[in-house]
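This report refers to the structure that appears directly beneath it.
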Amino acid sequence: MSLRTQLSDLLPSLLPSNPSEAIKGTELIRLVRLQLTGNYSDASLRYHFSIMSCDPASPIAKVEKGQGYYRRTAPVPALSGAQELVALSQGRLEDLSGNREAVDHALERVKKFRAIVRRASEVNGRFPFEFRHAFAAGSPLGNLWKYPELVIVDWQTGDEESEAEMALDSRMLALKQRLGLPPFRLCSTRLRIQASLHGFREDFFQAVSSAMWTQGGELIYASPIEDEALADGLRALNATFGVGVSSFGITVEALDDLPRAANILNAHPKETEALMERIHFDRLAAPQYRDHIDWTSLEALRRESDEADELIEWLTQCVEAGSASHFTPKN
């Protein structure tokens, strides 16, 4: 039996499932030797640990920050985004074991995470716009590649601030208009619950595609990204395509402990402050922004989406009023 085959059989019972309890290589070698058949050098074992940790099918993963190895969890069904859940509800969703309760539970997690990102954006002086109808039941699967869950708008604001709105910097607004630049920055934001070596490329390229008409894009995960190979893969994609990648550091278990999405969105200031303290934000790679919006693509999107039209109408109203206010859905 080859060394790799033996390690594939032995490692699941030796490795901890929690990355915070990761075993260092020296200790793992000691444990493996107790059950291993054959005489292999430490260097050979370390080499196999390293190579296998980059293989999504292997049971071993290396921690992203620090030293040590832990047990890689089994692949998670593609229930990490609301758009998958809703768009597939008329078809393939039933193929995912037919457990309606589990699906509802997963969808509730997604709603909570959307609410958390919205509130975090607002707390940090940013203005989120949420696409909902684009992912309604019966919507084409192609919408997964056209629309982000959120567009986060950054304005150049002045000194006057309030809970509801911020005054725009009139001089900066006038200068950008003279230069033909938009007075705001649109960041297309794709949200996912958990990253995996099996699905991170699809997550990333959906984020790339849905950001084509904005000035930049970001892929945000709820859960921490603790697999070194996974983090390296996401950084490599960012270096080529420019979409940022970050994590809110909120585990699935922590999401389950939080109140429902509506409660998060309507929380009192002290409750919101307590929620923000539970976020452990980690930016793996910063987004690369363009100066201009692809107006042709945005206009095409506007012709087929009432929500895209609402986005443009909202931005126009803010410019005309000279103040950035948070978007209020019409229904």
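By order in the structure tokens, chains are A, B, ...; within a chain, residues start at 1; ligands start at 1, following the order shown.
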(request) Could you give me the residues within region 5-89 of chain A that DSSP places in alpha helix (DSSP H), as number ranges by chain? (result) A: 5-14, 25-33, 42-53, 82-87
Writer output for current selection, C-alpha atoms, as a compact mmCIF listing (two decimals), in the first residue's frame:
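result.txt, freshly written:
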```
# COMPACT_ATOMS: atom_id res chain seq x y z
CA THR A 5 -3.10 5.67 0.53
CA GLN A 6 -2.05 4.85 4.07
CA LEU A 7 -2.14 8.53 5.05
CA SER A 8 -5.59 8.95 3.51
CA ASP A 9 -6.83 6.13 5.75
CA LEU A 10 -5.01 7.22 8.92
CA LEU A 11 -5.30 11.00 8.95
CA PRO A 12 -9.09 11.40 9.43
CA SER A 13 -8.88 9.77 12.87
CA LEU A 14 -5.74 11.69 13.90
CA GLY A 25 3.80 18.63 11.75
CA THR A 26 6.22 17.12 14.27
CA GLU A 27 3.42 15.78 16.45
CA LEU A 28 1.46 14.51 13.47
CA ILE A 29 4.52 12.60 12.23
CA ARG A 30 4.82 10.96 15.66
CA LEU A 31 1.17 9.91 15.66
CA VAL A 32 1.30 8.63 12.08
CA ARG A 33 4.40 6.51 12.74
CA ASP A 42 10.33 12.79 8.23
CA ALA A 43 11.01 14.74 5.05
CA SER A 44 8.88 12.34 3.01
CA LEU A 45 6.00 12.58 5.48
CA ARG A 46 6.17 16.38 5.59
CA TYR A 47 6.20 16.47 1.79
CA HIS A 48 3.08 14.31 1.61
CA PHE A 49 1.32 16.42 4.25
CA SER A 50 2.06 19.55 2.22
CA ILE A 51 1.01 18.08 -1.14
CA MET A 52 -2.15 16.47 0.23
CA SER A 53 -3.23 19.69 1.98
CA ALA A 82 -29.61 32.83 -1.53
CA GLN A 83 -29.58 32.91 -5.31
CA GLU A 84 -28.78 29.18 -5.53
CA LEU A 85 -31.50 28.30 -3.06
CA VAL A 86 -34.19 30.40 -4.67
CA ALA A 87 -33.28 29.84 -8.30
```
Considering only C-alpha atoms, return as a PDB file with N, CA and C atoms, in the first residue's frame whatever protein or nucleic-acid residues lie within 7 Å of His292 (chain A), sequence-local ones (same chain, fewer than 2 positions apart) excluded.
```
ATOM      1  N   LEU A 181     -16.275  61.900 -14.278  1.00  0.00           N
ATOM      2  CA  LEU A 181     -16.184  60.748 -13.393  1.00  0.00           C
ATOM      3  C   LEU A 181     -17.446  60.628 -12.550  1.00  0.00           C
ATOM      4  N   GLN A 215     -17.517  49.492 -10.718  1.00  0.00           N
ATOM      5  CA  GLN A 215     -16.101  49.879 -10.711  1.00  0.00           C
ATOM      6  C   GLN A 215     -15.201  48.835 -10.046  1.00  0.00           C
ATOM      7  N   ARG A 290     -11.796  50.302 -10.827  1.00  0.00           N
ATOM      8  CA  ARG A 290     -11.654  51.047 -12.068  1.00  0.00           C
ATOM      9  C   ARG A 290     -12.219  52.448 -11.873  1.00  0.00           C
ATOM     10  N   ASP A 294     -19.112  50.824 -16.508  1.00  0.00           N
ATOM     11  CA  ASP A 294     -19.457  50.388 -17.865  1.00  0.00           C
ATOM     12  C   ASP A 294     -20.929  50.751 -18.089  1.00  0.00           C
TER      13      ASP A 294
END
```
(request) Identify, on the basis of only C-alpha atoms, every residue whose closest approach to Ile225 (chain A) does not exceed 10 Å; exclude the query and any residue fewer than 3 positions from it along the same chain; express the result as a ChimeraX atom specification. (result) /A:63-65,194-196,221-222,228-231,246-249,282,284
Only N, CA and C atoms, please: the residues just picked out, written as a compact mmCIF listing (two decimals), in the first residue's frame.
```txt
# COMPACT_ATOMS: atom_id res chain seq x y z
N VAL A 63 -3.49 25.10 8.17
CA VAL A 63 -4.09 26.35 8.61
C VAL A 63 -3.52 27.51 7.82
N GLU A 64 -4.36 28.50 7.55
CA GLU A 64 -3.97 29.66 6.78
C GLU A 64 -2.98 30.55 7.52
N LYS A 65 -3.20 30.77 8.81
CA LYS A 65 -2.31 31.61 9.60
C LYS A 65 -1.80 30.78 10.77
N GLN A 194 -19.73 29.76 3.21
CA GLN A 194 -18.49 29.04 3.45
C GLN A 194 -17.71 28.88 2.15
N ALA A 195 -16.40 29.00 2.25
CA ALA A 195 -15.54 28.75 1.09
C ALA A 195 -15.07 27.30 1.12
N SER A 196 -14.86 26.72 -0.05
CA SER A 196 -14.33 25.36 -0.12
C SER A 196 -13.44 25.24 -1.34
N TYR A 221 -17.15 36.11 2.35
CA TYR A 221 -17.61 34.88 3.02
C TYR A 221 -17.97 35.20 4.47
N ALA A 222 -18.96 34.49 4.97
CA ALA A 222 -19.31 34.64 6.38
C ALA A 222 -18.26 33.96 7.25
N GLU A 228 -5.06 26.98 4.16
CA GLU A 228 -4.00 27.72 3.49
C GLU A 228 -4.09 27.59 1.97
N ALA A 229 -4.34 26.39 1.48
CA ALA A 229 -4.42 26.17 0.03
C ALA A 229 -5.59 26.95 -0.57
N LEU A 230 -6.69 26.99 0.14
CA LEU A 230 -7.86 27.74 -0.31
C LEU A 230 -7.56 29.24 -0.35
N ALA A 231 -6.95 29.76 0.70
CA ALA A 231 -6.61 31.18 0.75
C ALA A 231 -5.63 31.56 -0.36
N SER A 246 -12.78 38.63 1.15
CA SER A 246 -12.71 38.85 2.59
C SER A 246 -13.65 37.92 3.32
N SER A 247 -13.49 37.89 4.64
CA SER A 247 -14.32 37.05 5.50
C SER A 247 -14.78 37.87 6.69
N PHE A 248 -16.00 37.61 7.15
CA PHE A 248 -16.51 38.26 8.35
C PHE A 248 -16.18 37.46 9.61
N GLY A 249 -15.59 36.29 9.44
CA GLY A 249 -15.17 35.50 10.59
C GLY A 249 -16.31 35.00 11.45
N ASP A 282 -11.60 39.87 8.06
CA ASP A 282 -10.28 39.50 7.56
C ASP A 282 -10.28 39.67 6.04
N LEU A 284 -8.52 39.00 2.76
CA LEU A 284 -7.47 38.21 2.14
C LEU A 284 -6.82 38.96 0.99
```
(message) What's around Arg278 (chain A) at 12 Å? Count only C-alpha atoms, leave out sequence neighbours fewer than 5 positions away in its own chain, and write the answer as a PyMOL selection string.
(response) chain A and resi 116+120+222-223+248-251+254-255+257-258+271-273
(message) Given only C-alpha atoms as the basis, pick out the residue of A:Asn266, A:Ser323, A:Asn124, A:Ser20 nearest to Asp169 (chain A).
(response) A:Ser323
(request) Calculate how many Å separate CA of Phe113 (chain A) from CA of Thr240 (chain A), rounding to one decimal. (result)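 Taking CA of Phe113 (chain A) and CA of Thr240 (chain A), their separation equals 27.6 Å.
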(message) Using only C-alpha atoms, can you tell me which of A:Asn39, A:Ser325, A:Ser121, A:Ser17 comes closest to Leu265 (chain A)?
(response)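 Result for the nearest residue to Leu265 (chain A): A:Ser121.
Between Ala261 (chain A) and the residues A:Thr189, A:Phe327, A:Lys146, A:Glu108, the shortest atom-to-atom distance, using only C-alpha atoms, involves A:Glu108.
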(message) Between A:Arg4, A:Cys54, A:Arg114, A:Arg171, which residue has the minimum interatomic distance to Arg260 (chain A), considering only C-alpha atoms?
(response)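 Going through A:Arg4, A:Cys54, A:Arg114, A:Arg171 one by one, the smallest distance to Arg260 (chain A) is for A:Arg114.
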